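Listing of coords29.pdb, PDB, C-alpha atoms
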```pdb
ATOM      1  CA  MET A  20     -43.634 -18.012   8.904  1.00  0.00           C
ATOM      2  CA  SER A  21     -43.238 -16.902   5.314  1.00  0.00           C
ATOM      3  CA  ILE A  22     -39.750 -16.397   3.969  1.00  0.00           C
ATOM      4  CA  LYS A  23     -38.867 -12.919   2.821  1.00  0.00           C
ATOM      5  CA  LYS A  24     -35.973 -11.733   0.725  1.00  0.00           C
ATOM      6  CA  PHE A  25     -33.666  -9.472   2.735  1.00  0.00           C
ATOM      7  CA  MET A  26     -30.716  -7.589   1.307  1.00  0.00           C
ATOM      8  CA  TYR A  27     -28.089  -5.835   3.404  1.00  0.00           C
ATOM      9  CA  LEU A  28     -26.078  -3.054   1.779  1.00  0.00           C
ATOM     10  CA  ASN A  29     -22.680  -2.649   3.422  1.00  0.00           C
ATOM     11  CA  ARG A  30     -21.281   0.725   2.442  1.00  0.00           C
ATOM     12  CA  ARG A  31     -18.646   1.533   5.086  1.00  0.00           C
ATOM     13  CA  SER A  32     -15.326   0.034   6.125  1.00  0.00           C
ATOM     14  CA  SER A  33     -15.016  -2.057   9.274  1.00  0.00           C
ATOM     15  CA  PHE A  34     -13.484  -0.114  12.128  1.00  0.00           C
ATOM     16  CA  GLY A  35     -14.065   3.626  11.711  1.00  0.00           C
ATOM     17  CA  THR A  36     -17.760   3.385  12.638  1.00  0.00           C
ATOM     18  CA  VAL A  37     -20.011   0.760  14.222  1.00  0.00           C
ATOM     19  CA  TYR A  38     -22.090   0.221  11.044  1.00  0.00           C
ATOM     20  CA  ALA A  39     -20.182  -2.782   9.690  1.00  0.00           C
ATOM     21  CA  ILE A  40     -20.300  -4.946  12.811  1.00  0.00           C
ATOM     22  CA  GLU A  41     -23.924  -3.972  13.514  1.00  0.00           C
ATOM     23  CA  SER A  42     -24.847  -5.073   9.995  1.00  0.00           C
ATOM     24  CA  LEU A  43     -23.143  -8.418  10.493  1.00  0.00           C
ATOM     25  CA  GLU A  44     -25.010  -8.948  13.783  1.00  0.00           C
ATOM     26  CA  VAL A  45     -28.365  -8.236  12.121  1.00  0.00           C
ATOM     27  CA  VAL A  46     -27.507 -10.492   9.176  1.00  0.00           C
ATOM     28  CA  LEU A  47     -26.889 -13.369  11.592  1.00  0.00           C
ATOM     29  CA  VAL A  48     -30.222 -12.683  13.331  1.00  0.00           C
ATOM     30  CA  ALA A  49     -32.064 -12.828   9.999  1.00  0.00           C
ATOM     31  CA  ALA A  50     -30.280 -16.076   9.173  1.00  0.00           C
ATOM     32  CA  ALA A  51     -31.407 -17.550  12.496  1.00  0.00           C
ATOM     33  CA  PHE A  52     -34.987 -16.895  11.350  1.00  0.00           C
ATOM     34  CA  ASP A  53     -34.327 -18.782   8.082  1.00  0.00           C
ATOM     35  CA  GLN A  54     -34.890 -15.781   5.842  1.00  0.00           C
ATOM     36  CA  ASP A  55     -33.515 -15.459   2.310  1.00  0.00           C
ATOM     37  CA  VAL A  56     -30.492 -13.226   2.870  1.00  0.00           C
ATOM     38  CA  SER A  57     -28.210 -11.457   0.393  1.00  0.00           C
ATOM     39  CA  LEU A  58     -25.329  -9.098   1.143  1.00  0.00           C
ATOM     40  CA  ALA A  59     -23.940  -6.371  -1.086  1.00  0.00           C
ATOM     41  CA  PHE A  60     -20.574  -4.713  -0.501  1.00  0.00           C
ATOM     42  CA  ILE A  61     -20.382  -1.325  -2.174  1.00  0.00           C
ATOM     43  CA  ASP A  62     -18.339   1.881  -1.710  1.00  0.00           C
ATOM     44  CA  ASP A  63     -15.928   1.502   1.265  1.00  0.00           C
ATOM     45  CA  GLY A  64     -17.943  -1.600   2.292  1.00  0.00           C
ATOM     46  CA  VAL A  65     -15.643  -3.643   0.041  1.00  0.00           C
ATOM     47  CA  TYR A  66     -12.912  -3.206   2.677  1.00  0.00           C
ATOM     48  CA  GLN A  67     -14.973  -5.318   5.114  1.00  0.00           C
ATOM     49  CA  ILE A  68     -14.025  -8.555   3.324  1.00  0.00           C
ATOM     50  CA  ILE A  69     -10.461  -7.751   2.291  1.00  0.00           C
ATOM     51  CA  LYS A  70      -7.803 -10.400   3.050  1.00  0.00           C
ATOM     52  CA  GLY A  71      -5.210 -10.102   5.800  1.00  0.00           C
ATOM     53  CA  GLN A  72      -6.891  -7.773   8.302  1.00  0.00           C
ATOM     54  CA  ASN A  73      -4.906  -7.654  11.557  1.00  0.00           C
ATOM     55  CA  THR A  74      -6.365  -5.624  14.418  1.00  0.00           C
ATOM     56  CA  ASN A  75      -3.658  -6.336  17.029  1.00  0.00           C
ATOM     57  CA  GLY A  76      -2.401  -2.771  16.675  1.00  0.00           C
ATOM     58  CA  ILE A  77      -5.750  -1.059  17.357  1.00  0.00           C
ATOM     59  CA  GLY A  78      -7.168  -3.216  20.158  1.00  0.00           C
ATOM     60  CA  MET A  79     -10.447  -3.941  18.373  1.00  0.00           C
ATOM     61  CA  LYS A  80     -12.099  -7.264  17.570  1.00  0.00           C
ATOM     62  CA  ASN A  81     -11.142  -8.657  14.152  1.00  0.00           C
ATOM     63  CA  PHE A  82     -14.681  -9.603  13.145  1.00  0.00           C
ATOM     64  CA  SER A  83     -13.668 -10.205   9.530  1.00  0.00           C
ATOM     65  CA  LYS A  84     -13.269 -13.843  10.623  1.00  0.00           C
ATOM     66  CA  THR A  85     -17.020 -14.030  11.273  1.00  0.00           C
ATOM     67  CA  PHE A  86     -17.717 -13.673   7.546  1.00  0.00           C
ATOM     68  CA  HIS A  87     -16.308 -17.210   7.152  1.00  0.00           C
ATOM     69  CA  ALA A  88     -19.236 -18.489   9.270  1.00  0.00           C
ATOM     70  CA  LEU A  89     -21.914 -17.106   6.935  1.00  0.00           C
ATOM     71  CA  GLY A  90     -21.760 -20.192   4.702  1.00  0.00           C
ATOM     72  CA  ASP A  91     -22.726 -22.391   7.662  1.00  0.00           C
ATOM     73  CA  TYR A  92     -25.830 -20.198   8.119  1.00  0.00           C
ATOM     74  CA  GLU A  93     -26.727 -20.766   4.447  1.00  0.00           C
ATOM     75  CA  ILE A  94     -25.861 -17.175   3.600  1.00  0.00           C
ATOM     76  CA  ASN A  95     -24.037 -17.617   0.334  1.00  0.00           C
ATOM     77  CA  LYS A  96     -25.102 -14.666  -1.805  1.00  0.00           C
ATOM     78  CA  LEU A  97     -22.403 -12.036  -1.309  1.00  0.00           C
ATOM     79  CA  TYR A  98     -22.231  -9.469  -4.096  1.00  0.00           C
ATOM     80  CA  VAL A  99     -19.278  -7.114  -4.420  1.00  0.00           C
ATOM     81  CA  SER A 100     -19.371  -4.010  -6.602  1.00  0.00           C
ATOM     82  CA  ALA A 101     -16.780  -4.246  -9.376  1.00  0.00           C
ATOM     83  CA  GLU A 102     -16.781  -0.470  -9.744  1.00  0.00           C
ATOM     84  CA  SER A 103     -16.142   0.092  -6.019  1.00  0.00           C
ATOM     85  CA  LEU A 104     -13.228  -2.369  -6.080  1.00  0.00           C
ATOM     86  CA  GLU A 105     -11.686  -0.731  -9.132  1.00  0.00           C
ATOM     87  CA  GLU A 106     -11.924   2.812  -7.738  1.00  0.00           C
ATOM     88  CA  ARG A 107     -10.017   1.595  -4.678  1.00  0.00           C
ATOM     89  CA  GLY A 108      -7.256  -0.188  -6.621  1.00  0.00           C
ATOM     90  CA  LEU A 109      -8.564  -3.582  -5.481  1.00  0.00           C
ATOM     91  CA  SER A 110      -9.533  -6.772  -7.325  1.00  0.00           C
ATOM     92  CA  ALA A 111     -11.345 -10.042  -6.561  1.00  0.00           C
ATOM     93  CA  ASP A 112      -7.966 -11.542  -5.546  1.00  0.00           C
ATOM     94  CA  ASP A 113      -7.804  -9.124  -2.605  1.00  0.00           C
ATOM     95  CA  LEU A 114     -11.017 -10.542  -1.082  1.00  0.00           C
ATOM     96  CA  MET A 115     -11.250 -13.298   1.539  1.00  0.00           C
ATOM     97  CA  PRO A 116     -12.077 -16.749   0.107  1.00  0.00           C
ATOM     98  CA  LEU A 117     -15.603 -17.087   1.551  1.00  0.00           C
ATOM     99  CA  VAL A 118     -17.253 -20.413   0.708  1.00  0.00           C
ATOM    100  CA  TYR A 119     -20.279 -22.624   1.432  1.00  0.00           C
ATOM    101  CA  GLU A 120     -21.066 -26.306   0.936  1.00  0.00           C
ATOM    102  CA  ASP A 121     -23.790 -26.819  -1.677  1.00  0.00           C
ATOM    103  CA  GLU A 122     -26.234 -29.438  -0.365  1.00  0.00           C
ATOM    104  CA  ASP A 123     -27.828 -29.734  -3.832  1.00  0.00           C
ATOM    105  CA  ASP A 124     -24.488 -30.634  -5.390  1.00  0.00           C
ATOM    106  CA  ASN A 125     -22.987 -33.338  -3.160  1.00  0.00           C
ATOM    107  CA  TRP A 126     -21.874 -30.731  -0.558  1.00  0.00           C
ATOM    108  CA  GLU A 127     -19.310 -29.347  -2.934  1.00  0.00           C
ATOM    109  CA  GLU A 128     -17.488 -26.275  -1.622  1.00  0.00           C
ATOM    110  CA  LYS A 129     -18.337 -23.200  -3.653  1.00  0.00           C
ATOM    111  CA  SER A 130     -17.515 -19.517  -3.483  1.00  0.00           C
ATOM    112  CA  SER A 131     -20.116 -17.259  -1.849  1.00  0.00           C
ATOM    113  CA  VAL A 132     -18.581 -14.107  -3.329  1.00  0.00           C
ATOM    114  CA  LYS A 133     -19.560 -12.719  -6.697  1.00  0.00           C
ATOM    115  CA  VAL A 134     -18.008  -9.566  -8.111  1.00  0.00           C
ATOM    116  CA  VAL A 135     -20.750  -7.871 -10.151  1.00  0.00           C
ATOM    117  CA  SER A 136     -21.488  -4.489 -11.703  1.00  0.00           C
ATOM    118  CA  ASN A 137     -23.517  -1.844  -9.887  1.00  0.00           C
ATOM    119  CA  LEU A 138     -26.211  -2.388 -12.529  1.00  0.00           C
ATOM    120  CA  GLU A 139     -26.364  -6.059 -11.556  1.00  0.00           C
ATOM    121  CA  ILE A 140     -26.630  -5.100  -7.866  1.00  0.00           C
ATOM    122  CA  SER A 141     -29.489  -2.712  -8.644  1.00  0.00           C
ATOM    123  CA  LYS A 142     -31.352  -5.527 -10.433  1.00  0.00           C
ATOM    124  CA  ILE A 143     -30.878  -7.878  -7.479  1.00  0.00           C
ATOM    125  CA  MET A 144     -31.939  -5.096  -5.093  1.00  0.00           C
ATOM    126  CA  SER A 145     -35.194  -4.527  -6.980  1.00  0.00           C
ATOM    127  CA  LYS A 146     -36.197  -8.157  -6.403  1.00  0.00           C
ATOM    128  CA  GLN A 147     -35.968  -7.931  -2.607  1.00  0.00           C
ATOM    129  CA  ASP A 148     -38.781  -7.546  -0.098  1.00  0.00           C
ATOM    130  CA  VAL A 149     -36.595  -5.518   2.263  1.00  0.00           C
ATOM    131  CA  CYS A 150     -33.266  -3.681   1.833  1.00  0.00           C
ATOM    132  CA  PHE A 151     -31.235  -2.397   4.750  1.00  0.00           C
ATOM    133  CA  SER A 152     -28.413   0.093   4.246  1.00  0.00           C
ATOM    134  CA  PHE A 153     -25.515   0.218   6.677  1.00  0.00           C
TER     135      PHE A 153
ATOM    136  CA  MET B   2       1.750  22.089  11.733  1.00  0.00           C
ATOM    137  CA  LEU B   3       0.428  18.550  12.015  1.00  0.00           C
ATOM    138  CA  HIS B   4      -2.887  17.666  10.385  1.00  0.00           C
ATOM    139  CA  THR B   5      -4.674  14.410  11.180  1.00  0.00           C
ATOM    140  CA  VAL B   6      -7.373  13.044   8.857  1.00  0.00           C
ATOM    141  CA  ASN B   7      -9.544  10.174  10.088  1.00  0.00           C
ATOM    142  CA  LYS B   8     -12.107   9.746   7.273  1.00  0.00           C
ATOM    143  CA  SER B   9     -11.914   7.926   3.948  1.00  0.00           C
ATOM    144  CA  SER B  10     -11.592  10.227   0.937  1.00  0.00           C
ATOM    145  CA  PHE B  11     -14.455   8.229  -0.612  1.00  0.00           C
ATOM    146  CA  GLU B  12     -16.818   9.089   2.218  1.00  0.00           C
ATOM    147  CA  ARG B  13     -15.971  12.680   3.245  1.00  0.00           C
ATOM    148  CA  ASN B  14     -14.085  15.582   1.760  1.00  0.00           C
ATOM    149  CA  SER B  15     -11.949  16.124   4.913  1.00  0.00           C
ATOM    150  CA  LEU B  16      -8.695  15.186   3.160  1.00  0.00           C
ATOM    151  CA  LYS B  17      -9.484  17.491   0.242  1.00  0.00           C
ATOM    152  CA  SER B  18     -10.277  20.401   2.582  1.00  0.00           C
ATOM    153  CA  CYS B  19      -7.103  19.715   4.531  1.00  0.00           C
ATOM    154  CA  ILE B  20      -4.885  19.644   1.438  1.00  0.00           C
ATOM    155  CA  ASN B  21      -6.510  22.811   0.072  1.00  0.00           C
ATOM    156  CA  THR B  22      -5.770  24.648   3.295  1.00  0.00           C
ATOM    157  CA  ILE B  23      -2.347  23.633   4.604  1.00  0.00           C
ATOM    158  CA  ASP B  24       0.956  25.478   4.115  1.00  0.00           C
ATOM    159  CA  ASP B  25       4.068  23.904   2.621  1.00  0.00           C
ATOM    160  CA  THR B  26       5.695  23.093   5.950  1.00  0.00           C
ATOM    161  CA  SER B  27       2.722  21.092   7.235  1.00  0.00           C
ATOM    162  CA  VAL B  28       2.568  17.307   7.430  1.00  0.00           C
ATOM    163  CA  ILE B  29      -0.470  15.010   7.276  1.00  0.00           C
ATOM    164  CA  LEU B  30      -1.009  11.957   9.459  1.00  0.00           C
ATOM    165  CA  LEU B  31      -3.689   9.561   8.199  1.00  0.00           C
ATOM    166  CA  ILE B  32      -5.434   7.660  11.014  1.00  0.00           C
ATOM    167  CA  GLU B  33      -8.511   5.383  11.379  1.00  0.00           C
ATOM    168  CA  ASP B  34     -10.417   5.299   8.043  1.00  0.00           C
ATOM    169  CA  GLY B  35      -8.116   8.079   6.851  1.00  0.00           C
ATOM    170  CA  VAL B  36      -5.542   5.368   6.033  1.00  0.00           C
ATOM    171  CA  ILE B  37      -7.742   4.335   3.084  1.00  0.00           C
ATOM    172  CA  SER B  38      -6.379   7.506   1.467  1.00  0.00           C
ATOM    173  CA  ALA B  39      -2.853   6.114   1.925  1.00  0.00           C
ATOM    174  CA  THR B  40      -3.598   3.337  -0.591  1.00  0.00           C
ATOM    175  CA  LYS B  41      -3.201   3.375  -4.375  1.00  0.00           C
ATOM    176  CA  ASN B  42      -6.667   4.262  -5.670  1.00  0.00           C
ATOM    177  CA  ILE B  43      -8.400   6.749  -7.952  1.00  0.00           C
ATOM    178  CA  ASN B  44      -7.968   9.489  -5.326  1.00  0.00           C
ATOM    179  CA  SER B  45      -4.289   8.889  -4.567  1.00  0.00           C
ATOM    180  CA  SER B  46      -3.060  11.735  -6.783  1.00  0.00           C
ATOM    181  CA  MET B  47      -4.320  13.968  -3.959  1.00  0.00           C
ATOM    182  CA  ILE B  48      -1.443  12.927  -1.704  1.00  0.00           C
ATOM    183  CA  ALA B  49       1.202  11.469  -4.068  1.00  0.00           C
ATOM    184  CA  ASN B  50       3.158  14.704  -4.345  1.00  0.00           C
ATOM    185  CA  LEU B  51       3.096  15.385  -0.596  1.00  0.00           C
ATOM    186  CA  ALA B  52       4.169  11.795   0.058  1.00  0.00           C
ATOM    187  CA  ASN B  53       7.141  12.233  -2.292  1.00  0.00           C
ATOM    188  CA  GLN B  54       8.154  15.223  -0.154  1.00  0.00           C
ATOM    189  CA  GLY B  55       8.049  12.962   2.919  1.00  0.00           C
ATOM    190  CA  ARG B  56       5.096  14.839   4.389  1.00  0.00           C
ATOM    191  CA  VAL B  57       2.486  12.062   4.633  1.00  0.00           C
ATOM    192  CA  TYR B  58       2.377   9.638   7.561  1.00  0.00           C
ATOM    193  CA  ALA B  59      -0.054   6.797   8.299  1.00  0.00           C
ATOM    194  CA  LEU B  60      -0.740   5.033  11.569  1.00  0.00           C
ATOM    195  CA  GLN B  61       0.544   1.476  11.185  1.00  0.00           C
ATOM    196  CA  GLY B  62      -2.056  -0.237  13.417  1.00  0.00           C
ATOM    197  CA  ASP B  63      -4.893   1.275  11.383  1.00  0.00           C
ATOM    198  CA  VAL B  64      -3.225   0.267   8.095  1.00  0.00           C
ATOM    199  CA  GLU B  65      -2.793  -3.345   9.275  1.00  0.00           C
ATOM    200  CA  ALA B  66      -6.336  -3.557  10.682  1.00  0.00           C
ATOM    201  CA  ARG B  67      -7.704  -2.690   7.247  1.00  0.00           C
ATOM    202  CA  GLY B  68      -5.495  -5.202   5.428  1.00  0.00           C
ATOM    203  CA  VAL B  69      -3.928  -2.610   3.118  1.00  0.00           C
ATOM    204  CA  SER B  70      -0.220  -2.782   4.118  1.00  0.00           C
ATOM    205  CA  SER B  71       0.813  -3.989   0.637  1.00  0.00           C
ATOM    206  CA  LYS B  72      -1.213  -1.345  -1.199  1.00  0.00           C
ATOM    207  CA  LEU B  73       0.260   1.924   0.027  1.00  0.00           C
ATOM    208  CA  VAL B  74       1.212   4.888  -2.122  1.00  0.00           C
ATOM    209  CA  ASP B  75       5.012   5.249  -2.462  1.00  0.00           C
ATOM    210  CA  ASN B  76       6.877   7.140   0.265  1.00  0.00           C
ATOM    211  CA  ILE B  77       4.110   7.100   2.882  1.00  0.00           C
ATOM    212  CA  LYS B  78       5.822   6.931   6.280  1.00  0.00           C
ATOM    213  CA  LEU B  79       4.335   4.485   8.777  1.00  0.00           C
ATOM    214  CA  VAL B  80       4.316   5.405  12.460  1.00  0.00           C
ATOM    215  CA  ASN B  81       3.120   3.684  15.644  1.00  0.00           C
ATOM    216  CA  TYR B  82       1.426   5.451  18.557  1.00  0.00           C
ATOM    217  CA  THR B  83       4.794   6.621  19.922  1.00  0.00           C
ATOM    218  CA  GLY B  84       5.552   8.092  16.504  1.00  0.00           C
ATOM    219  CA  PHE B  85       2.172   9.842  16.611  1.00  0.00           C
ATOM    220  CA  VAL B  86       3.154  11.487  19.924  1.00  0.00           C
ATOM    221  CA  ASP B  87       6.546  12.464  18.477  1.00  0.00           C
ATOM    222  CA  LEU B  88       4.826  14.174  15.535  1.00  0.00           C
ATOM    223  CA  VAL B  89       2.538  16.089  17.882  1.00  0.00           C
ATOM    224  CA  VAL B  90       5.516  17.259  19.960  1.00  0.00           C
ATOM    225  CA  GLU B  91       7.614  18.121  16.914  1.00  0.00           C
ATOM    226  CA  HIS B  92       4.972  20.138  15.080  1.00  0.00           C
ATOM    227  CA  GLY B  93       3.433  22.125  17.927  1.00  0.00           C
ATOM    228  CA  THR B  94      -0.063  22.971  16.768  1.00  0.00           C
ATOM    229  CA  SER B  95      -2.198  20.175  15.350  1.00  0.00           C
ATOM    230  CA  VAL B  96      -5.550  20.128  13.588  1.00  0.00           C
ATOM    231  CA  SER B  97      -7.959  17.184  13.450  1.00  0.00           C
ATOM    232  CA  TRP B  98      -9.913  17.144  10.187  1.00  0.00           C
ATOM    233  CA  VAL B  99     -12.766  14.994  11.516  1.00  0.00           C
TER     234      VAL B  99
END
```

Would you encode the structure as structure tokens?
Amino acid sequence: MSIKKFMYLNRRSSFGTVYAIESLEVVLVAAAFDQDVSLAFIDDGVYQIIKGQNTNGIGMKNFSKTFHALGDYEINKLYVSAESLEERGLSADDLMPLVYEDEDDNWEEKSSVKVVSNLEISKIMSKQDVCFSF
Amino acid sequence: MLHTVNKSSFERNSLKSCINTIDDTSVILLIEDGVISATKNINSSMIANLANQGRVYALQGDVEARGVSSKLVDNIKLVNYTGFVDLVVEHGTSVSWV
């Protein structure tokens, strides 16, 4: 099977709608089929990977922990919109430390998260075979 | 009156409509994704003044779920579900800006 480039645009926060968790499920399916997967977090989507989420008070699953597993599925291209962070009073330091082990570099642990401009995201998007928006 | 807002100010204009409509004895309770509007961001001037008057509440469980406890606008009052019920009882009529 040929490998295609898939990009998932995450535009909503985690718990108000079902979009965020559905996106994560589909991302993991694509990874299971060894596709080339990128994720972009824009608009309120940046809240999906913010540090210190605690869902005890709302009785919902804290699936933010699942993002830590993406590295093990060789999903290590996570792009976060710098503009979306800034509008929301957030910075890169507020994001979860998501990492992967680079097999081409002696399994060194590296960050999967890159904060980039919207222009940069649009360039990456234009190189994909398929883009999904959630 | 009590007004609840459950959508992010970045995604819908519910908070804006609410603020444009309420009288000066009303209070706002931010719930679900509405608590995003309780954080310091480019939209927070919308509620800063009301918060200073002690008229903005946010549901604590929703704030903690979204990891924004340390980023709240000054003078937002946090309430739990019991506090939510108290607000409903205290203010009589409530409106949900969904």

Expected selection from the ChimeraX specification (/A :<8) & /B, given as a PyMOL selection string
chain B and resi 8+11-12+33-34+40-43+61-63+65-69

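Take CA of Asp75 in chain B and CA of Gly55 in chain B: the distance between them is 9.9 Å.
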
Run through the PyMOL selection byres ((chain B and resi 19) around 9) on the given coordinates and return the selected residues as a ChimeraX atom specification.
/B:4-6,14-18,20-23,29,98

Draw an axis-aligned box over all listed atoms of range 30-46 of chain B, pad each side with 3 Å, and write its centre and edge lengths in Å, one decimal, as lines of an AutoDock Vina configuration file.
```
center_x = -5.7
center_y = 7.6
center_z = 1.7
size_x = 15.4
size_y = 14.6
size_z = 25.3
```

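Evaluated on this file, the PyMOL selection byres ((chain A and resi 134-150) around 7) matches A:Lys23, A:Lys24, A:Phe25, A:Met26, A:Tyr27, A:Tyr98, A:Val99, A:Ser100, A:Ala101, A:Glu102, A:Ala111, A:Val132, A:Lys133, A:Phe151, A:Ser152.
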
Pull C-alpha atoms from the residues just selected and write them as a PDB file, in the frame of the given file.
```pdb
ATOM      1  CA  LYS A  23     -38.867 -12.919   2.821  1.00  0.00           C
ATOM      2  CA  LYS A  24     -35.973 -11.733   0.725  1.00  0.00           C
ATOM      3  CA  PHE A  25     -33.666  -9.472   2.735  1.00  0.00           C
ATOM      4  CA  MET A  26     -30.716  -7.589   1.307  1.00  0.00           C
ATOM      5  CA  TYR A  27     -28.089  -5.835   3.404  1.00  0.00           C
ATOM      6  CA  TYR A  98     -22.231  -9.469  -4.096  1.00  0.00           C
ATOM      7  CA  VAL A  99     -19.278  -7.114  -4.420  1.00  0.00           C
ATOM      8  CA  SER A 100     -19.371  -4.010  -6.602  1.00  0.00           C
ATOM      9  CA  ALA A 101     -16.780  -4.246  -9.376  1.00  0.00           C
ATOM     10  CA  GLU A 102     -16.781  -0.470  -9.744  1.00  0.00           C
ATOM     11  CA  ALA A 111     -11.345 -10.042  -6.561  1.00  0.00           C
ATOM     12  CA  VAL A 132     -18.581 -14.107  -3.329  1.00  0.00           C
ATOM     13  CA  LYS A 133     -19.560 -12.719  -6.697  1.00  0.00           C
ATOM     14  CA  PHE A 151     -31.235  -2.397   4.750  1.00  0.00           C
ATOM     15  CA  SER A 152     -28.413   0.093   4.246  1.00  0.00           C
TER      16      SER A 152
END
```

Hey, what's within 12 Å of Leu3 in chain B if we count only C-alpha atoms and toss same-chain stuff fewer than 2 positions away? As a tab-separated table (two decimals) with C-alpha atoms, in the coordinates of the input, please?
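Output file part.tsv is given in full below:
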```tsv
chain	number	residue	atom	x	y	z
B	5	THR	CA	-4.67	14.41	11.18
B	6	VAL	CA	-7.37	13.04	8.86
B	19	CYS	CA	-7.10	19.72	4.53
B	20	ILE	CA	-4.88	19.64	1.44
B	23	ILE	CA	-2.35	23.63	4.60
B	24	ASP	CA	0.96	25.48	4.12
B	25	ASP	CA	4.07	23.90	2.62
B	26	THR	CA	5.70	23.09	5.95
B	27	SER	CA	2.72	21.09	7.24
B	28	VAL	CA	2.57	17.31	7.43
B	29	ILE	CA	-0.47	15.01	7.28
B	30	LEU	CA	-1.01	11.96	9.46
B	31	LEU	CA	-3.69	9.56	8.20
B	56	ARG	CA	5.10	14.84	4.39
B	57	VAL	CA	2.49	12.06	4.63
B	58	TYR	CA	2.38	9.64	7.56
B	85	PHE	CA	2.17	9.84	16.61
B	86	VAL	CA	3.15	11.49	19.92
B	87	ASP	CA	6.55	12.46	18.48
B	88	LEU	CA	4.83	14.17	15.54
B	89	VAL	CA	2.54	16.09	17.88
B	90	VAL	CA	5.52	17.26	19.96
B	91	GLU	CA	7.61	18.12	16.91
B	92	HIS	CA	4.97	20.14	15.08
B	93	GLY	CA	3.43	22.12	17.93
B	94	THR	CA	-0.06	22.97	16.77
B	95	SER	CA	-2.20	20.18	15.35
B	96	VAL	CA	-5.55	20.13	13.59
B	97	SER	CA	-7.96	17.18	13.45
B	98	TRP	CA	-9.91	17.14	10.19
```

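Minimum distance to Asp55 in chain A across A:Glu127, A:Ile94, A:Glu120, A:Leu114 (counting only C-alpha atoms) occurs at A:Ile94.
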
Distance in Å - CA of Asn76 in chain B versus CA of Asn53 in chain B:
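Separation of CA of Asn76 in chain B and CA of Asn53 in chain B: 5.7 Å.
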
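Distance annotation: of A:Asp124, A:Ser130, A:Ile40, A:Ile22, the residue with the minimal separation from Asp53 in chain A is A:Ile22; atom set is all atoms listed in the file.
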
Grab the CA of Ile37 in chain B to CA of Ser57 in chain A distance for me, in Å with one decimal place.
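We find that CA of Ile37 in chain B and CA of Ser57 in chain A lie 26.0 Å from each other.
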
Scan for residues within 7 Å of the point (-2.2, 5.6, 1.0) in the coordinates of the file, using all atoms listed in the file, and reply as a CSV table (one decimal) with C-alpha atoms, in the coordinates of the input.
```csv
chain,number,residue,atom,x,y,z
B,36,VAL,CA,-5.5,5.4,6.0
B,37,ILE,CA,-7.7,4.3,3.1
B,38,SER,CA,-6.4,7.5,1.5
B,39,ALA,CA,-2.9,6.1,1.9
B,40,THR,CA,-3.6,3.3,-0.6
B,41,LYS,CA,-3.2,3.4,-4.4
B,45,SER,CA,-4.3,8.9,-4.6
B,73,LEU,CA,0.3,1.9,0.0
B,74,VAL,CA,1.2,4.9,-2.1
B,77,ILE,CA,4.1,7.1,2.9
```

At a cut-off of 10 Å, using all atoms listed in the file, what residues contact Ser42 in chain A? Leave out same-chain residues fewer than 3 positions from it and give the result as number ranges by chain.
A: 27-29, 37-39, 45-48, 58, 151-153

What would range 136-147 of chain A look like with N, CA and C atoms restored, written as a compact mmCIF listing (two decimals), in the frame of the given file?
```txt
# COMPACT_ATOMS: atom_id res chain seq x y z
N SER A 136 -21.39 -5.93 -11.44
CA SER A 136 -21.49 -4.49 -11.70
C SER A 136 -22.55 -3.86 -10.80
N ASN A 137 -22.49 -2.54 -10.67
CA ASN A 137 -23.52 -1.84 -9.89
C ASN A 137 -24.91 -2.04 -10.51
N LEU A 138 -24.94 -2.15 -11.84
CA LEU A 138 -26.21 -2.39 -12.53
C LEU A 138 -26.80 -3.72 -12.07
N GLU A 139 -25.94 -4.73 -12.01
CA GLU A 139 -26.36 -6.06 -11.56
C GLU A 139 -26.90 -5.98 -10.11
N ILE A 140 -26.18 -5.24 -9.26
CA ILE A 140 -26.63 -5.10 -7.87
C ILE A 140 -28.00 -4.42 -7.82
N SER A 141 -28.20 -3.42 -8.67
CA SER A 141 -29.49 -2.71 -8.64
C SER A 141 -30.62 -3.65 -9.07
N LYS A 142 -30.32 -4.56 -10.00
CA LYS A 142 -31.35 -5.53 -10.43
C LYS A 142 -31.70 -6.48 -9.30
N ILE A 143 -30.65 -6.96 -8.61
CA ILE A 143 -30.88 -7.88 -7.48
C ILE A 143 -31.66 -7.16 -6.37
N MET A 144 -31.28 -5.89 -6.14
CA MET A 144 -31.94 -5.10 -5.09
C MET A 144 -33.44 -4.95 -5.36
N SER A 145 -33.78 -4.77 -6.64
CA SER A 145 -35.19 -4.53 -6.98
C SER A 145 -36.07 -5.76 -6.77
N LYS A 146 -35.42 -6.93 -6.61
CA LYS A 146 -36.20 -8.16 -6.40
C LYS A 146 -36.38 -8.50 -4.93
N GLN A 147 -35.89 -7.64 -4.04
CA GLN A 147 -35.97 -7.93 -2.61
C GLN A 147 -37.29 -7.47 -2.01
```
